[in-house]
>>> print(open('query.pdb').read())   # PDB, C-alpha atoms and all ligand atoms
MODEL        1
ATOM      1  CA  MET A   2      21.252 -33.547 -24.508  1.00  0.00           C
ATOM      2  CA  THR A   3      20.453 -29.864 -25.033  1.00  0.00           C
ATOM      3  CA  SER A   4      17.110 -28.245 -25.955  1.00  0.00           C
ATOM      4  CA  ALA A   5      18.471 -27.628 -29.468  1.00  0.00           C
ATOM      5  CA  GLU A   6      19.165 -31.319 -29.890  1.00  0.00           C
ATOM      6  CA  LEU A   7      15.708 -32.384 -28.750  1.00  0.00           C
ATOM      7  CA  GLY A   8      13.447 -29.454 -29.713  1.00  0.00           C
ATOM      8  CA  CYS A   9       9.789 -30.435 -29.228  1.00  0.00           C
ATOM      9  CA  LEU A  10      10.923 -33.923 -28.158  1.00  0.00           C
ATOM     10  CA  GLU A  11      12.384 -32.492 -24.955  1.00  0.00           C
ATOM     11  CA  THR A  12       9.231 -32.763 -22.805  1.00  0.00           C
ATOM     12  CA  GLY A  13       5.620 -33.921 -22.691  1.00  0.00           C
ATOM     13  CA  ASP A  14       3.801 -36.448 -24.876  1.00  0.00           C
ATOM     14  CA  LEU A  15       6.298 -36.222 -27.724  1.00  0.00           C
ATOM     15  CA  ARG A  16       9.159 -37.163 -25.425  1.00  0.00           C
ATOM     16  CA  VAL A  17       7.118 -40.114 -24.140  1.00  0.00           C
ATOM     17  CA  SER A  18       6.368 -41.180 -27.739  1.00  0.00           C
ATOM     18  CA  GLY A  19      10.031 -40.835 -28.698  1.00  0.00           C
ATOM     19  CA  GLU A  20      11.196 -42.893 -25.731  1.00  0.00           C
ATOM     20  CA  LEU A  21       8.592 -45.560 -26.556  1.00  0.00           C
ATOM     21  CA  ILE A  22       9.783 -45.697 -30.163  1.00  0.00           C
ATOM     22  CA  CYS A  23      13.372 -46.345 -29.043  1.00  0.00           C
ATOM     23  CA  LYS A  24      12.245 -49.013 -26.562  1.00  0.00           C
ATOM     24  CA  ILE A  25       9.811 -50.777 -28.906  1.00  0.00           C
ATOM     25  CA  CYS A  26      12.454 -50.876 -31.668  1.00  0.00           C
ATOM     26  CA  GLN A  27      14.697 -52.762 -29.224  1.00  0.00           C
ATOM     27  CA  ASP A  28      11.827 -55.168 -28.524  1.00  0.00           C
ATOM     28  CA  LEU A  29      11.171 -55.673 -32.257  1.00  0.00           C
ATOM     29  CA  TYR A  30      14.857 -56.420 -32.785  1.00  0.00           C
ATOM     30  CA  ASN A  31      14.944 -58.862 -29.869  1.00  0.00           C
ATOM     31  CA  SER A  32      11.823 -60.615 -31.218  1.00  0.00           C
ATOM     32  CA  GLY A  33      13.659 -61.257 -34.501  1.00  0.00           C
ATOM     33  CA  TRP A  34      11.038 -59.272 -36.418  1.00  0.00           C
ATOM     34  CA  VAL A  35      13.555 -56.727 -37.693  1.00  0.00           C
ATOM     35  CA  THR A  36      17.241 -56.990 -38.558  1.00  0.00           C
ATOM     36  CA  GLY A  37      19.929 -54.624 -39.749  1.00  0.00           C
ATOM     37  CA  THR A  38      18.312 -51.257 -40.348  1.00  0.00           C
ATOM     38  CA  GLY A  39      14.913 -52.599 -41.416  1.00  0.00           C
ATOM     39  CA  GLY A  40      11.455 -52.133 -39.907  1.00  0.00           C
ATOM     40  CA  GLY A  41      10.351 -49.675 -37.258  1.00  0.00           C
ATOM     41  CA  ILE A  42       7.488 -47.908 -35.537  1.00  0.00           C
ATOM     42  CA  THR A  43       5.889 -44.465 -35.604  1.00  0.00           C
ATOM     43  CA  ILE A  44       3.661 -42.995 -32.876  1.00  0.00           C
ATOM     44  CA  ARG A  45       1.192 -40.104 -33.118  1.00  0.00           C
ATOM     45  CA  SER A  46       0.398 -37.512 -30.500  1.00  0.00           C
ATOM     46  CA  GLY A  47      -2.430 -35.255 -31.701  1.00  0.00           C
ATOM     47  CA  ASP A  48      -1.293 -33.746 -35.011  1.00  0.00           C
ATOM     48  CA  ALA A  49       2.377 -34.654 -34.452  1.00  0.00           C
ATOM     49  CA  ILE A  50       3.857 -37.949 -35.587  1.00  0.00           C
ATOM     50  CA  VAL A  51       7.241 -39.169 -34.410  1.00  0.00           C
ATOM     51  CA  ILE A  52       9.342 -40.974 -37.025  1.00  0.00           C
ATOM     52  CA  ALA A  53      12.665 -42.829 -36.926  1.00  0.00           C
ATOM     53  CA  PRO A  54      15.594 -41.977 -39.194  1.00  0.00           C
ATOM     54  CA  SER A  55      16.341 -44.086 -42.256  1.00  0.00           C
ATOM     55  CA  GLY A  56      19.139 -46.603 -42.548  1.00  0.00           C
ATOM     56  CA  VAL A  57      20.127 -46.781 -38.892  1.00  0.00           C
ATOM     57  CA  GLN A  58      20.148 -49.747 -36.522  1.00  0.00           C
ATOM     58  CA  LYS A  59      16.751 -49.027 -34.992  1.00  0.00           C
ATOM     59  CA  GLU A  60      17.467 -50.884 -31.739  1.00  0.00           C
ATOM     60  CA  ARG A  61      20.330 -48.460 -31.014  1.00  0.00           C
ATOM     61  CA  MET A  62      18.376 -45.267 -31.740  1.00  0.00           C
ATOM     62  CA  GLN A  63      18.256 -42.421 -29.234  1.00  0.00           C
ATOM     63  CA  LEU A  64      15.706 -39.622 -28.748  1.00  0.00           C
ATOM     64  CA  GLU A  65      17.948 -37.087 -30.513  1.00  0.00           C
ATOM     65  CA  HIS A  66      17.847 -39.124 -33.758  1.00  0.00           C
ATOM     66  CA  LEU A  67      14.066 -38.835 -34.236  1.00  0.00           C
ATOM     67  CA  PHE A  68      11.960 -36.638 -36.530  1.00  0.00           C
ATOM     68  CA  VAL A  69       8.589 -35.019 -35.717  1.00  0.00           C
ATOM     69  CA  MET A  70       6.152 -34.223 -38.549  1.00  0.00           C
ATOM     70  CA  SER A  71       2.789 -32.441 -38.629  1.00  0.00           C
ATOM     71  CA  LEU A  72       0.158 -34.828 -39.980  1.00  0.00           C
ATOM     72  CA  LYS A  73      -1.887 -31.909 -41.319  1.00  0.00           C
ATOM     73  CA  THR A  74       0.800 -29.870 -43.087  1.00  0.00           C
ATOM     74  CA  ARG A  75       3.426 -32.638 -43.577  1.00  0.00           C
ATOM     75  CA  GLU A  76       6.042 -30.124 -42.409  1.00  0.00           C
ATOM     76  CA  TYR A  77       8.791 -31.261 -40.070  1.00  0.00           C
ATOM     77  CA  LEU A  78       8.284 -29.783 -36.602  1.00  0.00           C
ATOM     78  CA  HIS A  79      11.658 -31.185 -35.551  1.00  0.00           C
ATOM     79  CA  LYS A  80      14.662 -32.677 -37.323  1.00  0.00           C
ATOM     80  CA  PRO A  81      17.725 -34.236 -35.696  1.00  0.00           C
ATOM     81  CA  LEU A  82      20.915 -32.148 -35.702  1.00  0.00           C
ATOM     82  CA  GLN A  83      22.812 -35.066 -37.267  1.00  0.00           C
ATOM     83  CA  ALA A  84      22.594 -35.427 -41.057  1.00  0.00           C
ATOM     84  CA  LEU A  85      19.868 -38.075 -41.057  1.00  0.00           C
ATOM     85  CA  LYS A  86      16.948 -38.701 -43.425  1.00  0.00           C
ATOM     86  CA  PRO A  87      13.464 -39.727 -42.237  1.00  0.00           C
ATOM     87  CA  SER A  88      12.512 -43.395 -42.579  1.00  0.00           C
ATOM     88  CA  GLN A  89      11.610 -44.568 -46.065  1.00  0.00           C
ATOM     89  CA  CYS A  90       8.504 -46.005 -44.422  1.00  0.00           C
ATOM     90  CA  THR A  91       7.124 -42.491 -43.761  1.00  0.00           C
ATOM     91  CA  PRO A  92       4.647 -42.432 -46.727  1.00  0.00           C
ATOM     92  CA  LEU A  93       3.409 -45.884 -45.688  1.00  0.00           C
ATOM     93  CA  PHE A  94       2.944 -44.813 -42.088  1.00  0.00           C
ATOM     94  CA  LEU A  95       1.065 -41.742 -43.353  1.00  0.00           C
ATOM     95  CA  ALA A  96      -1.321 -44.033 -45.256  1.00  0.00           C
ATOM     96  CA  ALA A  97      -2.195 -45.849 -42.006  1.00  0.00           C
ATOM     97  CA  TYR A  98      -2.632 -42.543 -40.148  1.00  0.00           C
ATOM     98  CA  THR A  99      -4.863 -40.960 -42.772  1.00  0.00           C
ATOM     99  CA  CYS A 100      -6.879 -43.953 -44.067  1.00  0.00           C
ATOM    100  CA  ARG A 101      -7.485 -45.534 -40.651  1.00  0.00           C
ATOM    101  CA  ASP A 102      -7.099 -42.690 -38.183  1.00  0.00           C
ATOM    102  CA  ALA A 103      -4.416 -44.848 -36.551  1.00  0.00           C
ATOM    103  CA  TYR A 104      -2.273 -43.577 -33.678  1.00  0.00           C
ATOM    104  CA  ALA A 105       0.759 -45.771 -34.376  1.00  0.00           C
ATOM    105  CA  CYS A 106       2.065 -48.125 -37.036  1.00  0.00           C
ATOM    106  CA  ILE A 107       4.685 -50.896 -36.836  1.00  0.00           C
ATOM    107  CA  HIS A 108       6.636 -52.287 -39.793  1.00  0.00           C
ATOM    108  CA  THR A 109       8.281 -55.690 -39.333  1.00  0.00           C
ATOM    109  CA  HIS A 110      10.508 -57.826 -41.541  1.00  0.00           C
ATOM    110  CA  SER A 111       9.311 -61.083 -40.026  1.00  0.00           C
ATOM    111  CA  GLN A 112      10.295 -64.339 -41.702  1.00  0.00           C
ATOM    112  CA  GLU A 113       6.794 -65.733 -41.118  1.00  0.00           C
ATOM    113  CA  ALA A 114       5.228 -62.956 -43.225  1.00  0.00           C
ATOM    114  CA  ILE A 115       7.763 -63.719 -45.967  1.00  0.00           C
ATOM    115  CA  LEU A 116       7.048 -67.478 -45.795  1.00  0.00           C
ATOM    116  CA  LEU A 117       3.283 -66.963 -46.002  1.00  0.00           C
ATOM    117  CA  SER A 118       3.643 -64.784 -49.072  1.00  0.00           C
ATOM    118  CA  GLN A 119       5.765 -67.502 -50.690  1.00  0.00           C
ATOM    119  CA  ILE A 120       3.351 -70.316 -49.753  1.00  0.00           C
ATOM    120  CA  PHE A 121       0.436 -68.354 -51.280  1.00  0.00           C
ATOM    121  CA  PRO A 122       1.995 -66.664 -54.342  1.00  0.00           C
ATOM    122  CA  ASP A 123      -1.340 -66.224 -56.145  1.00  0.00           C
ATOM    123  CA  SER A 124      -3.599 -65.220 -53.261  1.00  0.00           C
ATOM    124  CA  ASP A 125      -4.828 -61.687 -52.663  1.00  0.00           C
ATOM    125  CA  TYR A 126      -4.883 -62.319 -48.918  1.00  0.00           C
ATOM    126  CA  PHE A 127      -3.810 -64.683 -46.149  1.00  0.00           C
ATOM    127  CA  SER A 128      -6.763 -66.179 -44.276  1.00  0.00           C
ATOM    128  CA  ALA A 129      -7.027 -68.202 -41.095  1.00  0.00           C
ATOM    129  CA  SER A 130      -9.659 -69.431 -38.663  1.00  0.00           C
ATOM    130  CA  GLY A 131      -9.775 -71.695 -35.616  1.00  0.00           C
ATOM    131  CA  PHE A 132      -6.965 -70.003 -33.677  1.00  0.00           C
ATOM    132  CA  GLU A 133      -7.505 -68.658 -30.147  1.00  0.00           C
ATOM    133  CA  VAL A 134      -5.396 -65.595 -30.956  1.00  0.00           C
ATOM    134  CA  LEU A 135      -8.088 -64.382 -33.393  1.00  0.00           C
ATOM    135  CA  GLN A 136      -9.878 -63.000 -30.329  1.00  0.00           C
ATOM    136  CA  HIS A 137      -7.024 -60.500 -30.020  1.00  0.00           C
ATOM    137  CA  ILE A 138      -7.150 -59.327 -33.633  1.00  0.00           C
ATOM    138  CA  PRO A 139      -9.460 -56.334 -34.222  1.00  0.00           C
ATOM    139  CA  ARG A 140     -11.730 -55.935 -37.249  1.00  0.00           C
ATOM    140  CA  GLY A 141      -9.521 -53.187 -38.592  1.00  0.00           C
ATOM    141  CA  SER A 142     -10.027 -51.163 -35.418  1.00  0.00           C
ATOM    142  CA  LYS A 143     -11.067 -52.199 -31.906  1.00  0.00           C
ATOM    143  CA  LYS A 144     -14.061 -49.861 -32.372  1.00  0.00           C
ATOM    144  CA  ASN A 145     -15.454 -52.609 -34.673  1.00  0.00           C
ATOM    145  CA  GLY A 146     -14.780 -55.394 -32.170  1.00  0.00           C
ATOM    146  CA  PHE A 147     -12.535 -58.445 -32.456  1.00  0.00           C
ATOM    147  CA  TYR A 148     -12.690 -61.698 -34.426  1.00  0.00           C
ATOM    148  CA  SER A 149     -14.003 -64.828 -32.746  1.00  0.00           C
ATOM    149  CA  VAL A 150     -12.123 -68.143 -32.923  1.00  0.00           C
ATOM    150  CA  THR A 151     -14.508 -69.588 -35.520  1.00  0.00           C
ATOM    151  CA  GLU A 152     -14.422 -66.560 -37.818  1.00  0.00           C
ATOM    152  CA  THR A 153     -11.983 -66.061 -40.673  1.00  0.00           C
ATOM    153  CA  VAL A 154      -9.496 -63.211 -40.618  1.00  0.00           C
ATOM    154  CA  ARG A 155      -8.186 -61.952 -43.963  1.00  0.00           C
ATOM    155  CA  ILE A 156      -4.917 -60.031 -44.213  1.00  0.00           C
ATOM    156  CA  PRO A 157      -4.137 -58.698 -47.703  1.00  0.00           C
ATOM    157  CA  PHE A 158      -0.895 -59.288 -49.594  1.00  0.00           C
ATOM    158  CA  ILE A 159       0.697 -56.533 -51.663  1.00  0.00           C
ATOM    159  CA  ASN A 160       3.704 -56.930 -53.949  1.00  0.00           C
ATOM    160  CA  ASN A 161       7.118 -55.731 -52.822  1.00  0.00           C
ATOM    161  CA  THR A 162       8.904 -52.903 -54.648  1.00  0.00           C
ATOM    162  CA  ALA A 163      12.554 -51.878 -54.941  1.00  0.00           C
ATOM    163  CA  HIS A 164      12.009 -48.805 -52.755  1.00  0.00           C
ATOM    164  CA  GLU A 165       9.891 -48.743 -49.610  1.00  0.00           C
ATOM    165  CA  SER A 166       8.131 -45.504 -50.590  1.00  0.00           C
ATOM    166  CA  ASP A 167       6.911 -47.085 -53.884  1.00  0.00           C
ATOM    167  CA  LEU A 168       4.686 -49.362 -51.802  1.00  0.00           C
ATOM    168  CA  HIS A 169       2.446 -46.417 -50.919  1.00  0.00           C
ATOM    169  CA  ASP A 170      -0.286 -46.730 -53.576  1.00  0.00           C
ATOM    170  CA  SER A 171      -0.767 -50.487 -53.218  1.00  0.00           C
ATOM    171  CA  LEU A 172      -0.665 -50.286 -49.412  1.00  0.00           C
ATOM    172  CA  LYS A 173      -3.305 -47.558 -49.439  1.00  0.00           C
ATOM    173  CA  ALA A 174      -5.464 -49.555 -51.878  1.00  0.00           C
ATOM    174  CA  ALA A 175      -5.225 -52.656 -49.650  1.00  0.00           C
ATOM    175  CA  ILE A 176      -6.057 -50.667 -46.499  1.00  0.00           C
ATOM    176  CA  LEU A 177      -9.189 -49.330 -48.216  1.00  0.00           C
ATOM    177  CA  ALA A 178     -10.166 -52.655 -49.798  1.00  0.00           C
ATOM    178  CA  TYR A 179      -9.891 -54.597 -46.511  1.00  0.00           C
ATOM    179  CA  PRO A 180     -11.520 -52.408 -43.830  1.00  0.00           C
ATOM    180  CA  GLU A 181     -11.613 -55.384 -41.433  1.00  0.00           C
ATOM    181  CA  ALA A 182      -7.824 -55.902 -41.551  1.00  0.00           C
ATOM    182  CA  CYS A 183      -5.413 -54.218 -39.116  1.00  0.00           C
ATOM    183  CA  ALA A 184      -2.356 -55.230 -41.158  1.00  0.00           C
ATOM    184  CA  VAL A 185      -1.021 -55.691 -44.673  1.00  0.00           C
ATOM    185  CA  ILE A 186       1.615 -58.261 -45.711  1.00  0.00           C
ATOM    186  CA  VAL A 187       4.241 -56.976 -48.146  1.00  0.00           C
ATOM    187  CA  ARG A 188       5.335 -60.030 -50.124  1.00  0.00           C
ATOM    188  CA  ASP A 189       8.889 -61.270 -49.374  1.00  0.00           C
ATOM    189  CA  HIS A 190       9.347 -58.305 -47.022  1.00  0.00           C
ATOM    190  CA  GLY A 191       7.205 -58.070 -43.841  1.00  0.00           C
ATOM    191  CA  ILE A 192       4.062 -56.414 -42.491  1.00  0.00           C
ATOM    192  CA  TYR A 193       2.608 -53.002 -41.725  1.00  0.00           C
ATOM    193  CA  CYS A 194       0.254 -53.132 -38.723  1.00  0.00           C
ATOM    194  CA  TRP A 195      -1.601 -50.263 -37.057  1.00  0.00           C
ATOM    195  CA  GLY A 196      -3.932 -49.565 -34.138  1.00  0.00           C
ATOM    196  CA  ASP A 197      -6.010 -47.006 -32.274  1.00  0.00           C
ATOM    197  CA  THR A 198      -3.187 -46.368 -29.759  1.00  0.00           C
ATOM    198  CA  TRP A 199       0.495 -47.347 -29.563  1.00  0.00           C
ATOM    199  CA  GLN A 200      -0.497 -50.074 -27.097  1.00  0.00           C
ATOM    200  CA  ASP A 201      -3.107 -51.458 -29.530  1.00  0.00           C
ATOM    201  CA  THR A 202      -0.605 -51.295 -32.376  1.00  0.00           C
ATOM    202  CA  LYS A 203       1.972 -53.271 -30.406  1.00  0.00           C
ATOM    203  CA  MET A 204      -0.637 -55.855 -29.329  1.00  0.00           C
ATOM    204  CA  ASN A 205      -2.112 -56.120 -32.838  1.00  0.00           C
ATOM    205  CA  THR A 206       1.367 -56.737 -34.261  1.00  0.00           C
ATOM    206  CA  GLU A 207       2.073 -59.367 -31.623  1.00  0.00           C
ATOM    207  CA  ALA A 208      -1.287 -61.080 -32.280  1.00  0.00           C
ATOM    208  CA  VAL A 209      -0.860 -61.065 -36.076  1.00  0.00           C
ATOM    209  CA  GLU A 210       2.743 -62.317 -35.909  1.00  0.00           C
ATOM    210  CA  TYR A 211       1.690 -64.987 -33.384  1.00  0.00           C
ATOM    211  CA  LEU A 212      -1.084 -66.098 -35.754  1.00  0.00           C
ATOM    212  CA  PHE A 213       1.460 -66.395 -38.581  1.00  0.00           C
ATOM    213  CA  GLN A 214       3.750 -68.534 -36.395  1.00  0.00           C
ATOM    214  CA  ALA A 215       0.909 -70.763 -35.170  1.00  0.00           C
ATOM    215  CA  TYR A 216      -0.490 -71.153 -38.695  1.00  0.00           C
ATOM    216  CA  LEU A 217       2.880 -72.138 -40.169  1.00  0.00           C
ATOM    217  CA  ARG A 218       3.601 -74.610 -37.362  1.00  0.00           C
ATOM    218  CA  SER A 219       0.205 -76.270 -37.618  1.00  0.00           C
ATOM    219  CA  ARG A 220       0.503 -76.435 -41.412  1.00  0.00           C
ATOM    220  CA  LYS A 221       3.897 -78.107 -41.089  1.00  0.00           C
ATOM    221  CA  ILE A 222       2.463 -80.763 -38.786  1.00  0.00           C
ATOM    222  CA  LYS A 223      -0.515 -81.400 -41.097  1.00  0.00           C
ATOM    223  CA  VAL A 224       1.656 -81.609 -44.232  1.00  0.00           C
TER     224      VAL A 224
HETATM  225  C1  LIG A 301      17.104 -53.128 -45.705  1.00  0.00           C
HETATM  226  S1  LIG A 301      15.772 -52.183 -45.217  1.00  0.00           S
HETATM  227  C2  LIG A 301      15.192 -51.267 -46.638  1.00  0.00           C
HETATM  228  C3  LIG A 301      14.114 -50.333 -46.248  1.00  0.00           C
HETATM  229  C4  LIG A 301      13.125 -51.037 -45.415  1.00  0.00           C
HETATM  230  O1  LIG A 301      12.518 -52.008 -45.870  1.00  0.00           O
HETATM  231  C5  LIG A 301      12.837 -50.636 -44.083  1.00  0.00           C
HETATM  232  O2  LIG A 301      11.992 -51.208 -43.479  1.00  0.00           O
HETATM  233  C6  LIG A 301      13.585 -49.577 -43.350  1.00  0.00           C
HETATM  234  O3  LIG A 301      13.579 -48.382 -43.948  1.00  0.00           O
HETATM  235  P1  LIG A 301      14.283 -47.161 -43.194  1.00  0.00           P
HETATM  236  O4  LIG A 301      14.279 -46.089 -44.224  1.00  0.00           O
HETATM  237  O5  LIG A 301      13.452 -46.856 -41.985  1.00  0.00           O
HETATM  238  O6  LIG A 301      15.667 -47.583 -42.806  1.00  0.00           O
HETATM  239 ZN    ZN A 302      10.896 -52.733 -44.730  1.00  0.00          ZN
ENDMDL
END
>>> encode(input="query.pdb", output="structure tokens")
Amino acid sequence: MTSAELGCLETGDLRVSGELICKICQDLYNSGWVTGTGGGITIRSGDAIVIAPSGVQKERMQLEHLFVMSLKTREYLHKPLQALKPSQCTPLFLAAYTCRDAYACIHTHSQEAILLSQIFPDSDYFSASGFEVLQHIPRGSKKNGFYSVTETVRIPFINNTAHESDLHDSLKAAILAYPEACAVIVRDHGIYCWGDTWQDTKMNTEAVEYLFQAYLRSRKIKV
């Protein structure tokens, strides 16, 4: 790859973020939380956010396919040479960055998130208590501490829309209405989950998705 192909992704923190994005997208795919071209992750480094292209198999992405945007000006600091468009999730990721001062955001298409939204069609949020994994779910941010096993976590539902970018207003409203949530469930679609670092974001996503799996399994046994 040449400097022209990589631009500001060639060295330093942005390269590290870009490489992490490619690797974590493979992990998300292997976990079954994304399929086809869906889902993804963005990572922030200072004012720069690294974003995947739209409509590509994310687990096969390479560094030269990524976009870099300035959070402050919303201008692209780097675009891939190939004719690619930035992920449709970009406005949603921006909501997590600006409303929560997040440093990364993951979007999954997990079946568990879809099932929960179908089991609770009239609820504003999914709630759970009594699961060990709650101790790994932050109250919106790890700066506010984590839930205890006996407490109740609430993760808001928002309705799905035909286009990913049309989710922006309801996602932003849910983020603001539930300051103690680190994720939002998009009905029949998946989740957006954020964190104070890329590591926190990955762990928060794993904890929330694990909670969904444990909840659904225990509900099945009880029913
Ligand atoms: C079949 S995926 C439709 C868009 C979507 O939900 C998604 O997560 C991926 O959007 P992108 O623009 O990043 O491909
Ligand atoms: Zn999606």
>>> residues_near_ligand(input="query.pdb", ligand="ligand LIG 301 (chain A)", cutoff="12 Å", atoms="all atoms listed in the file", output="compact mmCIF listing (two decimals) with C-alpha atoms, in the frame of the given file")
# COMPACT_ATOMS: atom_id res chain seq x y z
CA CYS A 26 12.45 -50.88 -31.67
CA TRP A 34 11.04 -59.27 -36.42
CA VAL A 35 13.56 -56.73 -37.69
CA THR A 36 17.24 -56.99 -38.56
CA GLY A 37 19.93 -54.62 -39.75
CA THR A 38 18.31 -51.26 -40.35
CA GLY A 39 14.91 -52.60 -41.42
CA GLY A 40 11.46 -52.13 -39.91
CA GLY A 41 10.35 -49.68 -37.26
CA ILE A 42 7.49 -47.91 -35.54
CA THR A 43 5.89 -44.46 -35.60
CA ILE A 52 9.34 -40.97 -37.02
CA ALA A 53 12.66 -42.83 -36.93
CA PRO A 54 15.59 -41.98 -39.19
CA SER A 55 16.34 -44.09 -42.26
CA GLY A 56 19.14 -46.60 -42.55
CA VAL A 57 20.13 -46.78 -38.89
CA GLN A 58 20.15 -49.75 -36.52
CA LYS A 59 16.75 -49.03 -34.99
CA GLU A 60 17.47 -50.88 -31.74
CA MET A 62 18.38 -45.27 -31.74
CA LEU A 67 14.07 -38.84 -34.24
CA PHE A 68 11.96 -36.64 -36.53
CA LEU A 85 19.87 -38.08 -41.06
CA LYS A 86 16.95 -38.70 -43.42
CA PRO A 87 13.46 -39.73 -42.24
CA SER A 88 12.51 -43.40 -42.58
CA GLN A 89 11.61 -44.57 -46.06
CA CYS A 90 8.50 -46.00 -44.42
CA THR A 91 7.12 -42.49 -43.76
CA PRO A 92 4.65 -42.43 -46.73
CA LEU A 93 3.41 -45.88 -45.69
CA PHE A 94 2.94 -44.81 -42.09
CA ILE A 107 4.68 -50.90 -36.84
CA HIS A 108 6.64 -52.29 -39.79
CA THR A 109 8.28 -55.69 -39.33
CA HIS A 110 10.51 -57.83 -41.54
CA SER A 111 9.31 -61.08 -40.03
CA ASN A 161 7.12 -55.73 -52.82
CA THR A 162 8.90 -52.90 -54.65
CA ALA A 163 12.55 -51.88 -54.94
CA HIS A 164 12.01 -48.80 -52.76
CA GLU A 165 9.89 -48.74 -49.61
CA SER A 166 8.13 -45.50 -50.59
CA ASP A 167 6.91 -47.08 -53.88
CA LEU A 168 4.69 -49.36 -51.80
CA VAL A 187 4.24 -56.98 -48.15
CA ARG A 188 5.34 -60.03 -50.12
CA ASP A 189 8.89 -61.27 -49.37
CA HIS A 190 9.35 -58.30 -47.02
CA GLY A 191 7.20 -58.07 -43.84
CA ILE A 192 4.06 -56.41 -42.49
CA TYR A 193 2.61 -53.00 -41.72
>>> closest_residue(input="query.pdb", among="A:Ile115, A:Ser124, A:Ile138, A:Lys73", to="ligand ZN 302 (chain A)", atoms="all atoms listed in the file")
A:Ile115
>>> residues_around(input="query.pdb", residues="Thr153 of chain A", least_positions_apart="6", cutoff="7 Å", atoms="all atoms listed in the file", output="VMD selection string")
chain A and resid 128 to 130
>>> write_last_selection(input="query.pdb", atoms="C-alpha atoms", output="short mmCIF file (atom, residue, chain, number, x, y, z; two decimals), keeping the file's coordinate frame")
data_model
loop_
_atom_site.label_atom_id
_atom_site.label_comp_id
_atom_site.auth_asym_id
_atom_site.auth_seq_id
_atom_site.Cartn_x
_atom_site.Cartn_y
_atom_site.Cartn_z
CA SER A 128 -6.76 -66.18 -44.28
CA ALA A 129 -7.03 -68.20 -41.10
CA SER A 130 -9.66 -69.43 -38.66
#
>>> atom_distance(input="query.pdb", atom1="atom CA of Trp195 of chain A", atom2="atom CA of Ala97 of chain A")
6.7 Å
>>> atom_distance(input="query.pdb", atom1="atom CA of Tyr30 of chain A", atom2="atom CA of Val209 of chain A")
16.7 Å
>>> closest_residue(input="query.pdb", among="A:Cys194, A:Cys100, A:Val224, A:Leu116", to="Lys173 of chain A", atoms="all atoms listed in the file")
A:Cys100
>>> resolve_selection(input="query.pdb", expression="the PyMOL selection byres (((chain A and resi 2) around 10) and not hetatm)", output="ChimeraX atom specification")
/A:3-7,11,64-65
>>> residues_around(input="query.pdb", residues="Ser142 of chain A", least_positions_apart="4", cutoff="12 Å", atoms="all atoms listed in the file", output="ChimeraX atom specification")
/A:97,100-104,137-138,146-148,176,179-184,194-198,201-202,205
>>> resolve_selection(input="query.pdb", expression="the PyMOL selection byres (((chain A and resi 12-21) around 7) and not hetatm)", output="list in words")
Cys9, Leu10, Glu11, Ile22, Cys23, Lys24, Ile25, Ile44, Ser46, Val51 and Leu64 of chain A
>>> residues_around(input="query.pdb", residues="segment 149-152 of chain A", least_positions_apart="2", cutoff="7 Å", atoms="only C-alpha atoms", output="PyMOL selection string")
chain A and resi 130-133+135-136+147+154
>>> atom_distance(input="query.pdb", atom1="atom CA of Phe213 of chain A", atom2="atom CA of Arg155 of chain A")
11.9 Å
>>> closest_residue(input="query.pdb", among="A:Val134, A:Ala84, A:Ile159, A:Ile50", to="Cys106 of chain A", atoms="all atoms listed in the file")
A:Ile50
>>> resolve_selection(input="query.pdb", expression="the PyMOL selection byres (((chain A and resi 157) around 6) and not hetatm)", output="list in words")
Asp125, Tyr126, Ile156, Phe158 and Val185 of chain A
>>> closest_residue(input="query.pdb", among="A:Leu95, A:Met70, A:Ile186, A:Ala105", to="ligand ZN 302 (chain A)", atoms="only C-alpha atoms and all ligand atoms")
A:Ile186
>>> closest_residue(input="query.pdb", among="A:Ala215, A:Ala208, A:Ala114, A:Ile120", to="ligand ZN 302 (chain A)", atoms="only C-alpha atoms and all ligand atoms")
A:Ala114
>>> closest_residue(input="query.pdb", among="A:Ala49, A:Leu82, A:Leu217, A:Ala175", to="Tyr98 of chain A", atoms="only C-alpha atoms")
A:Ala49
>>> axis_aligned_box(input="query.pdb", around="segment 81-90 of chain A", padding_each_side="5 Å", output="AutoDock Vina command-line options")
--center_x 15.7 --center_y -39.1 --center_z -40.9 --size_x 24.3 --size_y 23.9 --size_z 20.4
